[in-house]
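Peer 1: Before anything else, here's the structure in question.
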Amino acid sequence: MKNVLVLGGTGFIGRHVCEKLHRQGWRITVPTRRALNAAHVQHLPRVTVLEADVHDPGQLLSLLDGHDALVNLVAILHGSEDDFERVHVELPLSLAEACAADGIRRVVHVSALGASLDGPSRYQRSKARGEEVLRGAGLDLTILRPSVVFGEGDRFLNLFARLQAVLPVVPLAGANARFQPVWVEDVAQAVVTCLRDRDLPMSSAGQTFECVGPEVFTLAELVRVAGRHGSRQRPVLPLPAPLARLQAMVMEAMPGDPVMSRDNLDSMTVDNVASRQWPDLSALGIRPASVHSVAPTYLGDRGGRSQLLDYRHGAGR
């Protein structure tokens, strides 16, 4: 039985990773700032939840003690330049230093499709710098780059379904942006497969994999999919660039995590689809599920306006 430290284990992807690792017999440690955030994984007998600040190098080093591998899922979608630097660059640097001090070499790092040092958004550039920090640390490193991730409990298709439950029309920024959405279960399986490694024809250490689904959609098409499989489908109104930017700026000023930010719009100026520069999920023996096969199993009318308001203010994250 192996021991793995999962940073970000209380999040959307993290809880699926923990469930799969648990079924494989791993012992999992999940640090979190508040134990209440870990309700989705605390019931698993082989999961230990610890209250800790992973951005504190001393606490991070202590957390690594006794583990055989590390999975890093910590990320943010919105924030200032300093926020992105702290989470996507400084934390990987601390991880690299702590792994070197503790003798841990095996690391699976979940980055993002489109990460690039010269990308148009702060998110993409900071993700790429975090990858570079880890690549230069002499680790047995696997990097996974997922496109937008969907599945039960997501903050993507669920949001569009809820919007269409209460709005007569969906004003949409970045309507023509292209994505290759991937099911959360497939991303979680990729993490587990990389940690096991013995099931693969060659080691995943030192490799980067693009985690994408079988289909490419525009954002407008995904909104329509969410409406069709959810409560109702509403017309989509694509916004011209100036209005899209104004909408994103207003959303940034609203309470809670914004639905859209100007940095998101910057990210969407480049297609979020497989580059084919790196192997995809098929190299890990995974046949990715399509949105059409999964979305009907979890989308639907979940209470209309009150549910949407709860969502905007952070309930159920």
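Simple scheme: letters A, B, ... for chains in structure tokens order, numbers from 1 for residues in each chain, numbers from 1 for ligands in the order shown.
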So that I can see what lies close to stretch 65-79 of chain A, please list as a VMD selection string the residues with an atom at most 7 Å from it, counting only C-alpha atoms and leaving out residues fewer than 5 positions away in the same chain.

Peer 2: chain A and resid 2 to 8 14 84 87 to 88 102 104 106 to 110 123 261

Peer 1: Within stretch 119-220 of chain A, find each residue whose DSSP state, derived from the backbone, is strand (DSSP E), and express the selection as an MDAnalysis selection string.

Peer 2: chainID A and resid 140:146 149:150 170:172 178:179 182:183 208:211 217:218

Peer 1: Using DSSP assignments from the backbone, pull out every residue in stretch 49-283 of chain A that falls under alpha helix (DSSP H) and give it to me as number ranges by chain.

Peer 2: A: 57-64, 81-85, 91-102, 122-135, 157-166, 184-196, 219-229, 241-252, 262-267

Peer 1: Got a sec: who's within 10 Å of A:Gly153, counting only C-alpha atoms, leaving out chain neighbours fewer than 3 positions off, as a list in words?

Peer 2: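 Contacts, with the query itself left out: Phe12, Ile13, Phe150, Phe156, Leu157, Asn158, Leu159, Val184, Tyr298, Leu299, Gly316 and Arg317 of chain A.
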
Peer 1: Find, counting only C-alpha atoms, the residue in A:Val148, A:Ile286, A:Ala101, A:Ala137 that gets nearest to A:Ser267.

Peer 2: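 Nearest candidate to A:Ser267 out of A:Val148, A:Ile286, A:Ala101, A:Ala137: A:Val148.
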
Peer 1: Tell me, in Å to one decimal, how far atom CA of A:Val191 is from atom CA of A:Leu281.

Peer 2: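 For atom CA of A:Val191 relative to atom CA of A:Leu281, the distance reads 10.7 Å.
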
Peer 1: Which distance in Å separates atom CA of A:Pro146 and atom CA of A:Ala161, to one decimal?

Peer 2: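 These two atoms are separated by 22.1 Å.
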
Peer 1: Record the distance separating atom CA of A:Gly138 and atom CA of A:Arg105, expressed in Å with one decimal.

Peer 2: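 Between these atoms lies a distance of 7.9 Å.
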
Peer 1: Here is a test: counting only C-alpha atoms, which residue of A:Pro288, A:Gly58, A:Pro168, A:Pro255 is nearest to A:Glu185?

Peer 2: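 The answer is A:Pro288, which sits nearest to A:Glu185.
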